[in-house]
file work-v9.pdb (PDB, C-alpha atoms and all ligand atoms)
ATOM      1  CA  MET Y  13      29.276  -6.710  88.278
ATOM      2  CA  ALA Y  14      26.851  -9.552  88.628
ATOM      3  CA  HIS Y  15      24.836 -11.630  86.224
ATOM      4  CA  VAL Y  16      21.160 -11.257  86.966
ATOM      5  CA  PRO Y  17      18.429 -13.372  85.354
ATOM      6  CA  ILE Y  18      15.920 -11.320  83.366
ATOM      7  CA  ASP Y  19      13.235 -13.219  85.255
ATOM      8  CA  SER Y  20      13.861 -15.333  88.341
ATOM      9  CA  GLY Y  21      12.837 -18.936  87.985
ATOM     10  CA  LEU Y  22      13.273 -18.976  84.206
ATOM     11  CA  TYR Y  23      16.358 -21.182  84.227
ATOM     12  CA  ALA Y  24      18.505 -23.037  86.723
ATOM     13  CA  GLY Y  25      21.797 -24.823  87.029
ATOM     14  CA  ASP Y  26      25.362 -23.959  86.148
ATOM     15  CA  PRO Y  27      25.598 -20.810  83.957
ATOM     16  CA  GLY Y  28      27.687 -22.858  81.554
ATOM     17  CA  ALA Y  29      25.034 -25.557  81.337
ATOM     18  CA  PRO Y  30      21.696 -23.903  82.088
ATOM     19  CA  GLN Y  31      18.370 -25.686  81.997
ATOM     20  CA  LEU Y  32      15.006 -24.047  81.481
ATOM     21  CA  VAL Y  33      12.560 -24.490  84.338
ATOM     22  CA  GLY Y  34       9.138 -25.593  83.237
ATOM     23  CA  SER Y  35       6.399 -27.372  85.091
ATOM     24  CA  ARG Y  36       4.500 -30.599  84.763
ATOM     25  CA  CYS Y  37       0.954 -31.257  85.891
ATOM     26  CA  ASN Y  38       0.661 -34.312  88.107
ATOM     27  CA  ASP Y  39      -3.002 -34.701  87.167
ATOM     28  CA  CYS Y  40      -2.922 -34.631  83.365
ATOM     29  CA  GLY Y  41       0.798 -34.593  82.510
ATOM     30  CA  GLU Y  42       0.709 -31.252  80.676
ATOM     31  CA  VAL Y  43       4.184 -29.676  80.452
ATOM     32  CA  ALA Y  44       4.492 -25.895  80.353
ATOM     33  CA  PHE Y  45       7.156 -23.206  80.165
ATOM     34  CA  PRO Y  46       7.719 -20.942  81.999
ATOM     35  CA  LYS Y  47       6.740 -22.789  85.175
ATOM     36  CA  GLN Y  48       3.022 -22.507  85.870
ATOM     37  CA  ASP Y  49       1.379 -22.693  89.294
ATOM     38  CA  GLY Y  50      -1.868 -23.727  87.675
ATOM     39  CA  CYS Y  51      -2.160 -26.215  84.831
ATOM     40  CA  PRO Y  52      -3.041 -24.462  81.542
ATOM     41  CA  SER Y  53      -4.710 -27.645  80.318
ATOM     42  CA  CYS Y  54      -6.871 -29.017  83.157
ATOM     43  CA  THR Y  55      -6.706 -25.898  85.412
ATOM     44  CA  GLY Y  56      -5.577 -28.108  88.303
ATOM     45  CA  SER Y  57      -2.982 -26.871  90.766
ATOM     46  CA  ALA Y  58      -0.944 -30.064  91.124
ATOM     47  CA  THR Y  59       2.006 -28.770  89.118
ATOM     48  CA  GLU Y  60       5.645 -29.209  90.001
ATOM     49  CA  ALA Y  61       8.875 -27.802  88.602
ATOM     50  CA  LEU Y  62      10.416 -29.708  85.728
ATOM     51  CA  LEU Y  63      13.933 -29.087  84.428
ATOM     52  CA  LEU Y  64      13.848 -29.273  80.643
ATOM     53  CA  SER Y  65      16.550 -31.034  78.682
ATOM     54  CA  ARG Y  66      19.549 -28.941  77.684
ATOM     55  CA  ARG Y  67      18.925 -29.766  74.040
ATOM     56  CA  GLY Y  68      16.030 -29.834  71.645
ATOM     57  CA  THR Y  69      15.427 -29.440  67.931
ATOM     58  CA  LEU Y  70      14.704 -26.268  65.990
ATOM     59  CA  TRP Y  71      11.021 -26.362  65.064
ATOM     60  CA  THR Y  72      10.814 -23.074  63.206
ATOM     61  CA  PHE Y  73      12.653 -19.758  63.153
ATOM     62  CA  THR Y  74      12.735 -16.258  61.741
ATOM     63  CA  ILE Y  75      15.179 -13.374  61.754
ATOM     64  CA  GLN Y  76      14.107 -10.193  63.541
ATOM     65  CA  HIS Y  77      15.475  -7.370  61.380
ATOM     66  CA  PHE Y  78      14.066  -4.374  63.246
ATOM     67  CA  PRO Y  79      13.487  -3.507  66.903
ATOM     68  CA  PRO Y  80      10.191  -4.695  68.350
ATOM     69  CA  PRO Y  81       7.870  -1.910  69.567
ATOM     70  CA  VAL Y  82       8.810  -0.161  72.834
ATOM     71  CA  PRO Y  83       7.195  -1.300  75.106
ATOM     72  CA  PRO Y  84       7.249  -4.270  75.536
ATOM     73  CA  PHE Y  85      10.751  -4.366  74.028
ATOM     74  CA  LYS Y  86      13.188  -3.502  76.821
ATOM     75  CA  GLY Y  87      16.353  -3.172  74.769
ATOM     76  CA  ASP Y  88      17.852  -0.035  73.290
ATOM     77  CA  PRO Y  89      16.461   0.557  69.757
ATOM     78  CA  GLU Y  90      19.595   2.597  68.879
ATOM     79  CA  SER Y  91      21.941  -0.335  69.344
ATOM     80  CA  PHE Y  92      19.613  -2.918  67.857
ATOM     81  CA  GLN Y  93      21.214  -5.802  65.986
ATOM     82  CA  PRO Y  94      19.216  -8.337  63.973
ATOM     83  CA  PHE Y  95      18.724 -11.582  65.830
ATOM     84  CA  GLY Y  96      17.186 -14.953  65.252
ATOM     85  CA  VAL Y  97      14.015 -16.037  67.006
ATOM     86  CA  GLY Y  98      12.793 -19.571  66.999
ATOM     87  CA  TYR Y  99      10.848 -22.333  68.623
ATOM     88  CA  VAL Y 100      12.770 -25.281  69.971
ATOM     89  CA  GLU Y 101      10.965 -28.542  70.552
ATOM     90  CA  PHE Y 102      12.081 -30.300  73.722
ATOM     91  CA  PRO Y 103      11.956 -34.037  74.417
ATOM     92  CA  GLU Y 104       9.586 -33.279  77.299
ATOM     93  CA  GLY Y 105       6.944 -32.529  74.693
ATOM     94  CA  LEU Y 106       6.716 -28.771  74.395
ATOM     95  CA  ARG Y 107       8.009 -25.974  72.207
ATOM     96  CA  VAL Y 108       9.691 -22.925  73.700
ATOM     97  CA  GLU Y 109      10.151 -19.612  71.907
ATOM     98  CA  GLY Y 110      13.460 -17.866  72.404
ATOM     99  CA  ARG Y 111      16.274 -15.891  70.894
ATOM    100  CA  LEU Y 112      18.813 -17.684  68.759
ATOM    101  CA  THR Y 113      22.547 -16.992  68.995
ATOM    102  CA  GLU Y 114      22.687 -17.211  65.199
ATOM    103  CA  CYS Y 115      21.115 -14.591  62.888
ATOM    104  CA  ASP Y 116      22.374 -15.942  59.551
ATOM    105  CA  PRO Y 117      19.514 -17.983  58.072
ATOM    106  CA  ASP Y 118      22.013 -19.966  55.989
ATOM    107  CA  ARG Y 119      23.417 -21.376  59.210
ATOM    108  CA  LEU Y 120      20.043 -22.394  60.626
ATOM    109  CA  ALA Y 121      17.888 -25.307  59.563
ATOM    110  CA  ILE Y 122      14.606 -26.653  60.834
ATOM    111  CA  GLY Y 123      15.238 -29.873  62.712
ATOM    112  CA  MET Y 124      18.804 -29.046  63.743
ATOM    113  CA  GLU Y 125      19.889 -29.723  67.304
ATOM    114  CA  MET Y 126      19.946 -26.669  69.583
ATOM    115  CA  GLU Y 127      21.124 -26.202  73.142
ATOM    116  CA  VAL Y 128      20.213 -23.742  75.858
ATOM    117  CA  VAL Y 129      22.807 -21.076  76.657
ATOM    118  CA  LEU Y 130      22.737 -17.801  78.567
ATOM    119  CA  GLU Y 131      23.513 -14.499  76.926
ATOM    120  CA  LYS Y 132      23.571 -10.891  77.995
ATOM    121  CA  PHE Y 133      20.303  -9.149  77.244
ATOM    122  CA  MET Y 134      21.198  -5.664  78.489
ATOM    123  CA  ASP Y 135      23.038  -3.762  81.211
ATOM    124  CA  SER Y 136      21.034  -2.829  84.271
ATOM    125  CA  ASP Y 137      21.154   0.664  85.773
ATOM    126  CA  ASP Y 138      23.312  -0.799  88.544
ATOM    127  CA  GLY Y 139      25.967  -2.002  86.112
ATOM    128  CA  ASP Y 140      24.924  -5.621  86.337
ATOM    129  CA  GLU Y 141      24.437  -7.746  83.275
ATOM    130  CA  ILE Y 142      20.878  -8.897  82.796
ATOM    131  CA  MET Y 143      20.948 -12.379  81.341
ATOM    132  CA  THR Y 144      18.417 -14.281  79.329
ATOM    133  CA  PHE Y 145      18.401 -17.694  77.736
ATOM    134  CA  ALA Y 146      19.019 -18.300  74.067
ATOM    135  CA  PHE Y 147      19.288 -21.297  71.762
ATOM    136  CA  ARG Y 148      22.589 -22.092  70.079
ATOM    137  CA  PRO Y 149      23.077 -24.546  67.227
ATOM    138  CA  VAL Y 150      25.004 -27.596  68.399
ATOM    139  CA  ALA Y 151      28.187 -27.704  66.344
TER     140      ALA Y 151
HETATM  141 ZN    ZN H   1      -3.264 -30.630  84.205
END

call {"tool": "encode", "arguments": {"input": "work-v9.pdb", "output": "structure tokens"}}
result
Amino acid sequence: MAHVPIDSGLYAGDPGAPQLVGSRCNDCGEVAFPKQDGCPSCTGSATEALLLSRRGTLWTFTIQHFPPPVPPFKGDPESFQPFGVGYVEFPEGLRVEGRLTECDPDRLAIGMEMEVVLEKFMDSDDGDEIMTFAFRPVA
């Protein structure tokens, strides 16, 4: 059984200390996630990979109480569990949307420190575990 990223190039580093891979434009300084080959701001192509900080702050969040429509939702609606979704603001100057490891709104607060972790998204047909990133409150 292997751990397979849901999308290659989304994150890098040690699985226990993953970092999201964004990009920065060398012309205008725009930072983007996921990594962009062309700058979304000035449309230039002078972008390079940028590892985002492991931690940021929770900018806003909500709790997803029902399965998203299939497609694009790739999970199994039968085994759906509510989960948190939020935007985390990184020191590099951008906000990234992602799943939260916490789905109890009483344990989440805007402005709290969050860190990037990996969690299993689903099993692949080959028996591998497909991994995605999530944000976990820093204890
Ligand atoms: Zn640019």

call {"tool": "residues_near_point", "arguments": {"input": "work-v9.pdb", "point": "(26.6, -1.7, 71.7)", "cutoff": "12 Å", "atoms": "only C-alpha atoms", "output": "ChimeraX atom specification"}}
result
/Y:87-93,132-135

call {"tool": "closest_atom_pairs", "arguments": {"input": "work-v9.pdb", "of": "chain Y", "to": "ligand ZN 1 (chain H)", "cutoff": "9 Å", "atoms": "all atoms listed in the file", "output": "JSON lines"}}
result
{"residue": "Y:Arg36", "atom": "CA", "partner": "H:ZN1", "partner_atom": "ZN", "distance": 7.8}
{"residue": "Y:Cys37", "atom": "CA", "partner": "H:ZN1", "partner_atom": "ZN", "distance": 4.6}
{"residue": "Y:Asn38", "atom": "CA", "partner": "H:ZN1", "partner_atom": "ZN", "distance": 6.6}
{"residue": "Y:Asp39", "atom": "CA", "partner": "H:ZN1", "partner_atom": "ZN", "distance": 5.0}
{"residue": "Y:Cys40", "atom": "CA", "partner": "H:ZN1", "partner_atom": "ZN", "distance": 4.1}
{"residue": "Y:Gly41", "atom": "CA", "partner": "H:ZN1", "partner_atom": "ZN", "distance": 5.9}
{"residue": "Y:Glu42", "atom": "CA", "partner": "H:ZN1", "partner_atom": "ZN", "distance": 5.4}
{"residue": "Y:Val43", "atom": "CA", "partner": "H:ZN1", "partner_atom": "ZN", "distance": 8.4}
{"residue": "Y:Gly50", "atom": "CA", "partner": "H:ZN1", "partner_atom": "ZN", "distance": 7.9}
{"residue": "Y:Cys51", "atom": "CA", "partner": "H:ZN1", "partner_atom": "ZN", "distance": 4.6}
{"residue": "Y:Pro52", "atom": "CA", "partner": "H:ZN1", "partner_atom": "ZN", "distance": 6.7}
{"residue": "Y:Ser53", "atom": "CA", "partner": "H:ZN1", "partner_atom": "ZN", "distance": 5.1}
{"residue": "Y:Cys54", "atom": "CA", "partner": "H:ZN1", "partner_atom": "ZN", "distance": 4.1}
{"residue": "Y:Thr55", "atom": "CA", "partner": "H:ZN1", "partner_atom": "ZN", "distance": 6.0}
{"residue": "Y:Gly56", "atom": "CA", "partner": "H:ZN1", "partner_atom": "ZN", "distance": 5.3}
{"residue": "Y:Ser57", "atom": "CA", "partner": "H:ZN1", "partner_atom": "ZN", "distance": 7.6}
{"residue": "Y:Ala58", "atom": "CA", "partner": "H:ZN1", "partner_atom": "ZN", "distance": 7.3}
{"residue": "Y:Thr59", "atom": "CA", "partner": "H:ZN1", "partner_atom": "ZN", "distance": 7.4}

call {"tool": "residues_around", "arguments": {"input": "work-v9.pdb", "residues": "Pro17 in chain Y", "least_positions_apart": "4", "cutoff": "12 Å", "atoms": "all atoms listed in the file", "output": "PyMOL selection string"}}
result
chain Y and resi 21-24+27+30+32+130-136+140-145

call {"tool": "write_last_selection", "arguments": {"input": "work-v9.pdb", "atoms": "C-alpha atoms", "output": "PDB file, in the coordinates of the input"}}
result
ATOM      1  CA  GLY Y  21      12.837 -18.936  87.985  1.00  0.00           C
ATOM      2  CA  LEU Y  22      13.273 -18.976  84.206  1.00  0.00           C
ATOM      3  CA  TYR Y  23      16.358 -21.182  84.227  1.00  0.00           C
ATOM      4  CA  ALA Y  24      18.505 -23.037  86.723  1.00  0.00           C
ATOM      5  CA  PRO Y  27      25.598 -20.810  83.957  1.00  0.00           C
ATOM      6  CA  PRO Y  30      21.696 -23.903  82.088  1.00  0.00           C
ATOM      7  CA  LEU Y  32      15.006 -24.047  81.481  1.00  0.00           C
ATOM      8  CA  LEU Y 130      22.737 -17.801  78.567  1.00  0.00           C
ATOM      9  CA  GLU Y 131      23.513 -14.499  76.926  1.00  0.00           C
ATOM     10  CA  LYS Y 132      23.571 -10.891  77.995  1.00  0.00           C
ATOM     11  CA  PHE Y 133      20.303  -9.149  77.244  1.00  0.00           C
ATOM     12  CA  MET Y 134      21.198  -5.664  78.489  1.00  0.00           C
ATOM     13  CA  ASP Y 135      23.038  -3.762  81.211  1.00  0.00           C
ATOM     14  CA  SER Y 136      21.034  -2.829  84.271  1.00  0.00           C
ATOM     15  CA  ASP Y 140      24.924  -5.621  86.337  1.00  0.00           C
ATOM     16  CA  GLU Y 141      24.437  -7.746  83.275  1.00  0.00           C
ATOM     17  CA  ILE Y 142      20.878  -8.897  82.796  1.00  0.00           C
ATOM     18  CA  MET Y 143      20.948 -12.379  81.341  1.00  0.00           C
ATOM     19  CA  THR Y 144      18.417 -14.281  79.329  1.00  0.00           C
ATOM     20  CA  PHE Y 145      18.401 -17.694  77.736  1.00  0.00           C
TER      21      PHE Y 145
END

call {"tool": "closest_residue", "arguments": {"input": "work-v9.pdb", "among": "Y:Pro79, Y:Leu62, Y:Tyr99, Y:Asp138", "to": "His15 in chain Y", "atoms": "all atoms listed in the file"}}
result
Y:Asp138

call {"tool": "resolve_selection", "arguments": {"input": "work-v9.pdb", "expression": "the PyMOL selection byres (((chain Y and resi 120-123) around 7) and not hetatm)", "output": "list in words"}}
result
Thr69, Leu70, Trp71, Thr72, Asp116, Pro117, Asp118, Arg119, Met124 and Glu125 of chain Y

call {"tool": "residues_around", "arguments": {"input": "work-v9.pdb", "residues": "Ala146 in chain Y", "least_positions_apart": "3", "cutoff": "9 Å", "atoms": "all atoms listed in the file", "output": "ChimeraX atom specification"}}
result
/Y:97,110-113,127-131

call {"tool": "atom_distance", "arguments": {"input": "work-v9.pdb", "atom1": "CA of Lys47 in chain Y", "atom2": "CA of Thr74 in chain Y"}}
result
25.1 Å

call {"tool": "atom_distance", "arguments": {"input": "work-v9.pdb", "atom1": "CA of Arg67 in chain Y", "atom2": "CA of Leu106 in chain Y"}}
result
12.3 Å

call {"tool": "atom_distance", "arguments": {"input": "work-v9.pdb", "atom1": "CA of Phe95 in chain Y", "atom2": "CA of His77 in chain Y"}}
result
6.9 Å

call {"tool": "axis_aligned_box", "arguments": {"input": "work-v9.pdb", "around": "range 62-66 of chain Y", "padding_each_side": "4 Å", "output": "AutoDock Vina command-line options"}}
result
--center_x 15.0 --center_y -30.0 --center_z 81.7 --size_x 17.1 --size_y 10.1 --size_z 16.0

call {"tool": "resolve_selection", "arguments": {"input": "work-v9.pdb", "expression": "the PyMOL selection byres (((chain Y and resi 107) around 9) and not hetatm)", "output": "list in words"}}
result
Ala44, Phe45, Gly68, Trp71, Tyr99, Val100, Glu101, Phe102, Gly105, Leu106, Val108 and Glu109 of chain Y
